[in-house]
>>> print(open('start_13.cif').read())   # mmCIF, C-alpha atoms
data_data
loop_
_atom_site.label_atom_id
_atom_site.label_comp_id
_atom_site.auth_asym_id
_atom_site.auth_seq_id
_atom_site.Cartn_x
_atom_site.Cartn_y
_atom_site.Cartn_z
CA MET A 1 13.27 20.46 -11.64
CA ASN A 2 14.22 17.16 -9.98
CA LYS A 3 11.85 14.23 -10.28
CA PRO A 4 11.01 12.54 -6.99
CA ILE A 5 12.62 9.18 -6.36
CA ARG A 6 9.97 6.50 -6.78
CA SER A 7 9.92 3.32 -4.73
CA TYR A 8 8.40 1.41 -7.62
CA VAL A 9 8.83 0.92 -11.33
CA ARG A 10 5.75 0.67 -13.51
CA ARG A 11 5.96 -2.75 -15.06
CA GLN A 12 4.98 -2.88 -18.70
CA ALA A 13 2.91 -6.09 -18.57
CA ARG A 14 -0.35 -5.88 -20.45
CA PRO A 15 -3.55 -6.73 -18.67
CA THR A 16 -5.38 -9.87 -19.67
CA PRO A 17 -8.75 -9.31 -21.38
CA ALA A 18 -10.50 -9.98 -18.04
CA GLN A 19 -8.25 -7.49 -16.22
CA ALA A 20 -8.78 -4.88 -18.95
CA ARG A 21 -12.56 -5.33 -18.71
CA ALA A 22 -12.36 -4.96 -14.93
CA LEU A 23 -10.29 -1.77 -15.23
CA GLU A 24 -12.88 -0.30 -17.58
CA GLN A 25 -16.11 -1.57 -16.04
CA LEU A 26 -15.38 -2.10 -12.34
CA SER A 27 -13.11 0.86 -11.54
CA PRO A 28 -16.08 3.24 -11.30
CA LYS A 29 -17.78 0.87 -8.84
CA HIS A 30 -14.86 -0.22 -6.62
CA GLY A 31 -12.14 2.29 -7.42
CA VAL A 32 -11.36 5.59 -5.80
CA SER A 33 -9.76 8.27 -7.96
CA PHE A 34 -6.74 10.05 -6.55
CA SER A 35 -7.75 13.47 -5.26
CA GLN A 36 -7.19 15.91 -2.43
CA GLN A 37 -10.39 14.64 -0.78
CA LYS A 38 -9.82 12.58 2.37
CA LEU A 39 -10.96 8.96 2.47
CA SER A 40 -13.87 8.37 4.80
CA SER A 41 -15.26 5.29 6.46
CA SER A 42 -17.80 4.45 9.13
CA LYS A 43 -15.64 1.46 10.15
CA PRO A 44 -11.97 1.31 11.18
CA LEU A 45 -9.92 1.89 8.03
CA VAL A 46 -6.95 -0.20 6.87
CA LEU A 47 -4.63 0.95 4.08
CA GLU A 48 -2.87 -1.77 2.09
CA ILE A 49 0.17 -0.46 0.22
CA GLY A 50 1.13 -2.46 -2.86
CA SER A 51 -1.66 -5.01 -3.07
CA GLY A 52 -0.09 -6.76 -6.07
CA MET A 53 -2.56 -9.11 -7.74
CA GLY A 54 -4.85 -8.79 -4.72
CA GLU A 55 -5.11 -12.38 -3.46
CA THR A 56 -4.07 -11.62 0.12
CA THR A 57 -5.87 -8.29 0.22
CA ALA A 58 -9.17 -9.87 -0.81
CA GLN A 59 -8.75 -12.75 1.69
CA ILE A 60 -8.07 -10.36 4.57
CA ALA A 61 -11.01 -8.09 3.62
CA LYS A 62 -13.32 -11.11 3.37
CA ALA A 63 -12.18 -12.36 6.79
CA HIS A 64 -12.72 -8.94 8.40
CA PRO A 65 -16.07 -7.45 7.36
CA GLU A 66 -15.93 -5.23 10.46
CA LEU A 67 -13.11 -3.23 8.80
CA ASP A 68 -12.92 -1.13 5.64
CA PHE A 69 -9.89 -1.60 3.39
CA VAL A 70 -8.33 0.65 0.78
CA ALA A 71 -5.72 -1.00 -1.43
CA VAL A 72 -3.16 1.18 -3.19
CA GLU A 73 -1.48 -0.27 -6.28
CA VAL A 74 0.08 1.19 -9.45
CA HIS A 75 0.35 -1.99 -11.55
CA GLY A 76 -2.60 -2.09 -13.97
CA PRO A 77 -2.92 -5.89 -14.24
CA GLY A 78 -2.84 -6.14 -10.44
CA VAL A 79 -5.55 -3.51 -10.11
CA GLY A 80 -7.66 -5.33 -12.69
CA SER A 81 -7.15 -8.64 -10.92
CA LEU A 82 -8.15 -7.19 -7.55
CA LEU A 83 -11.21 -5.50 -9.07
CA ASN A 84 -12.32 -8.90 -10.40
CA ARG A 85 -11.80 -10.45 -6.95
CA ILE A 86 -13.80 -7.68 -5.25
CA GLU A 87 -16.68 -8.24 -7.64
CA ALA A 88 -16.57 -12.04 -7.53
CA GLU A 89 -16.45 -12.13 -3.72
CA GLY A 90 -18.98 -9.31 -3.27
CA LEU A 91 -16.56 -7.43 -1.02
CA ALA A 92 -18.32 -4.23 0.03
CA ASN A 93 -15.49 -3.33 2.43
CA LEU A 94 -12.66 -3.07 -0.11
CA ARG A 95 -11.86 -0.21 -2.50
CA ILE A 96 -8.77 0.43 -4.60
CA VAL A 97 -6.76 3.51 -5.56
CA ARG A 98 -4.46 3.23 -8.57
CA HIS A 99 -1.82 5.78 -7.61
CA ASP A 100 1.45 6.31 -5.78
CA ALA A 101 1.08 5.24 -2.13
CA LEU A 102 3.08 8.15 -0.72
CA GLU A 103 0.84 10.67 -2.44
CA VAL A 104 -2.28 8.79 -1.32
CA LEU A 105 -1.04 8.78 2.29
CA GLU A 106 -0.13 12.45 2.16
CA HIS A 107 -3.23 13.81 0.43
CA MET A 108 -6.08 11.33 0.86
CA VAL A 109 -5.58 10.05 4.41
CA ALA A 110 -6.37 12.26 7.38
CA ASP A 111 -3.92 12.29 10.27
CA GLY A 112 -4.92 9.82 12.97
CA SER A 113 -7.47 8.03 10.78
CA LEU A 114 -6.01 4.58 10.04
CA ALA A 115 -6.53 1.50 12.19
CA ALA A 116 -3.68 -0.21 10.32
CA ILE A 117 -1.26 0.02 7.44
CA HIS A 118 -0.37 -3.22 5.64
CA LEU A 119 2.92 -3.31 3.80
CA PHE A 120 3.50 -6.86 2.62
CA PHE A 121 6.62 -7.68 0.62
CA PRO A 122 7.53 -4.30 -0.86
CA ASP A 123 10.32 -4.23 -3.41
CA PRO A 124 13.53 -4.76 -1.43
CA TRP A 125 15.77 -2.90 -3.92
CA PRO A 126 18.65 -5.13 -2.79
CA LYS A 127 21.52 -3.30 -4.49
CA LYS A 128 23.11 -0.72 -2.20
CA ARG A 129 22.86 2.02 -4.85
CA HIS A 130 19.08 1.39 -5.05
CA HIS A 131 18.38 1.56 -1.30
CA LYS A 132 17.16 5.14 -1.82
CA ARG A 133 14.21 3.61 -3.76
CA ARG A 134 13.01 1.52 -0.83
CA LEU A 135 9.60 2.65 0.34
CA VAL A 136 10.52 2.35 4.00
CA GLN A 137 12.58 5.44 4.67
CA PRO A 138 12.55 7.80 7.68
CA ALA A 139 10.14 10.17 5.89
CA PHE A 140 7.74 7.30 5.15
CA ALA A 141 7.89 6.08 8.77
CA ALA A 142 7.05 9.57 10.03
CA LEU A 143 4.20 9.98 7.53
CA ALA A 144 2.76 6.54 8.32
CA ALA A 145 2.96 7.17 12.07
CA ARG A 146 1.09 10.46 11.66
CA LYS A 147 -1.72 8.75 9.75
CA LEU A 148 -2.30 6.00 12.33
CA ALA A 149 -5.06 6.37 14.91
CA ALA A 150 -4.16 5.84 18.56
CA GLY A 151 -3.43 2.12 18.88
CA GLY A 152 -3.12 1.76 15.09
CA VAL A 153 -0.68 -0.83 13.75
CA ILE A 154 1.80 -1.09 10.89
CA HIS A 155 2.09 -4.66 9.65
CA ALA A 156 5.22 -4.88 7.49
CA ALA A 157 6.68 -8.09 6.07
CA THR A 158 9.48 -9.02 3.72
CA ASP A 159 11.34 -12.18 2.84
CA TRP A 160 14.64 -10.32 2.37
CA PRO A 161 16.55 -10.40 5.70
CA ASP A 162 18.51 -7.24 4.83
CA TYR A 163 15.30 -5.34 4.10
CA ALA A 164 13.69 -6.70 7.29
CA ASP A 165 16.61 -5.26 9.28
CA TRP A 166 16.30 -1.98 7.34
CA MET A 167 12.56 -1.73 8.05
CA ASN A 168 12.99 -2.60 11.72
CA GLU A 169 15.74 -0.03 12.16
CA THR A 170 13.86 2.68 10.25
CA PHE A 171 10.55 2.17 12.09
CA SER A 172 12.35 1.87 15.46
CA LYS A 173 13.87 5.32 14.99
CA GLU A 174 10.44 6.93 14.53
CA ASP A 175 9.46 8.39 17.91
CA LEU A 176 5.72 8.10 17.22
CA LEU A 177 5.94 4.30 16.78
CA VAL A 178 6.33 1.69 19.50
CA LYS A 179 7.14 -1.96 18.86
CA SER A 180 4.59 -4.33 20.41
CA GLU A 181 3.40 -7.92 20.07
CA LYS A 182 0.75 -6.60 17.62
CA GLY A 183 3.40 -5.00 15.41
CA LEU A 184 4.42 -1.36 15.27
CA VAL A 185 1.88 0.86 17.02
#
>>> encode(input="start_13.cif", output="structure tokens")
Amino acid sequence: MNKPIRSYVRRQARPTPAQARALEQLSPKHGVSFSQQKLSSSKPLVLEIGSGMGETTAQIAKAHPELDFVAVEVHGPGVGSLLNRIEAEGLANLRIVRHDALEVLEHMVADGSLAAIHLFFPDPWPKKRHHKRRLVQPAFAALAARKLAAGGVIHAATDWPDYADWMNETFSKEDLLVKSEKGLV
């Protein structure tokens, strides 16, 4: 049986004591376990893929209390850091799922339910032989487009020009997406 190609590598960094405490004590409060159950929200829902240490995610959630955010991250120290930020800032509109983003999109997000998808600085996998590991692939573009509500937006950013071209080309080929001044809708 072939293993699926992953767009990420689990880094082996150990969480700090504060991050470890957050993972243990705050995950039940602010975390969402991966399941087949669809995410629900009474507000427009934004999915952040790869929230890293959570600085930007927490700032955006704090600035937009009218939206609900779900961050998806696999890196334990990053999850712990974001959990601490959620608690410290009292962010009631931000939850986190520690799992593979593709599986979360496929199984936990209903079609047509997302106001936006944020994809900020994903791993560029710059070597040609590693391009297959890039998250932005035609299958991802199609899946993301299906999950967006009418008028929903994909905000994607990278500081690698080659990856920016790759993302632009890949998203542009998806018939369900249209480039606009707001981003990809």
>>> closest_atom_pairs(input="start_13.cif", of="stretch 91-138 of chain A", to="stretch 55-60 of chain A", cutoff="10 Å", atoms="only C-alpha atoms", output="CSV")
residue,atom,partner,partner_atom,distance
A:Leu91,CA,A:Ala58,CA,7.8
A:Asn93,CA,A:Ala58,CA,9.7
A:Leu94,CA,A:Ala58,CA,7.7
A:His118,CA,A:Thr57,CA,9.2
A:Phe120,CA,A:Thr56,CA,9.3
>>> write_last_selection(input="start_13.cif", atoms="C-alpha atoms", output="short mmCIF file (atom, residue, chain, number, x, y, z; two decimals), in the coordinates of the input")
data_model
loop_
_atom_site.label_atom_id
_atom_site.label_comp_id
_atom_site.auth_asym_id
_atom_site.auth_seq_id
_atom_site.Cartn_x
_atom_site.Cartn_y
_atom_site.Cartn_z
CA LEU A 91 -16.56 -7.43 -1.02
CA ASN A 93 -15.49 -3.33 2.43
CA LEU A 94 -12.66 -3.07 -0.11
CA HIS A 118 -0.37 -3.22 5.64
CA PHE A 120 3.50 -6.86 2.62
#
>>> residues_around(input="start_13.cif", residues="A:Thr170", least_positions_apart="2", cutoff="8 Å", atoms="all atoms listed in the file", output="PyMOL selection string")
chain A and resi 136-138+141+166-168+172-174
>>> residues_around(input="start_13.cif", residues="A:Ser81", least_positions_apart="3", cutoff="12 Å", atoms="all atoms listed in the file", output="NGL selection string")
:A and (15-23 or 26-27 or 51-58 or 73 or 75-78 or 84-88 or 96)
>>> resolve_selection(input="start_13.cif", expression="the PyMOL selection byres ((chain A and resi 125-135) around 12)", output="PyMOL selection string")
chain A and resi 4-9+49-50+100-102+119-124+136-141+143-144+156+158-164+166-167+170-171
>>> atom_distance(input="start_13.cif", atom1="atom CA of A:Gly112", atom2="atom CA of A:Glu89")
29.9 Å
>>> resolve_selection(input="start_13.cif", expression="the PyMOL selection byres ((chain A and resi 111) around 6)", output="list in words")
Ala110, Gly112, Ser113, Arg146 and Lys147 of chain A
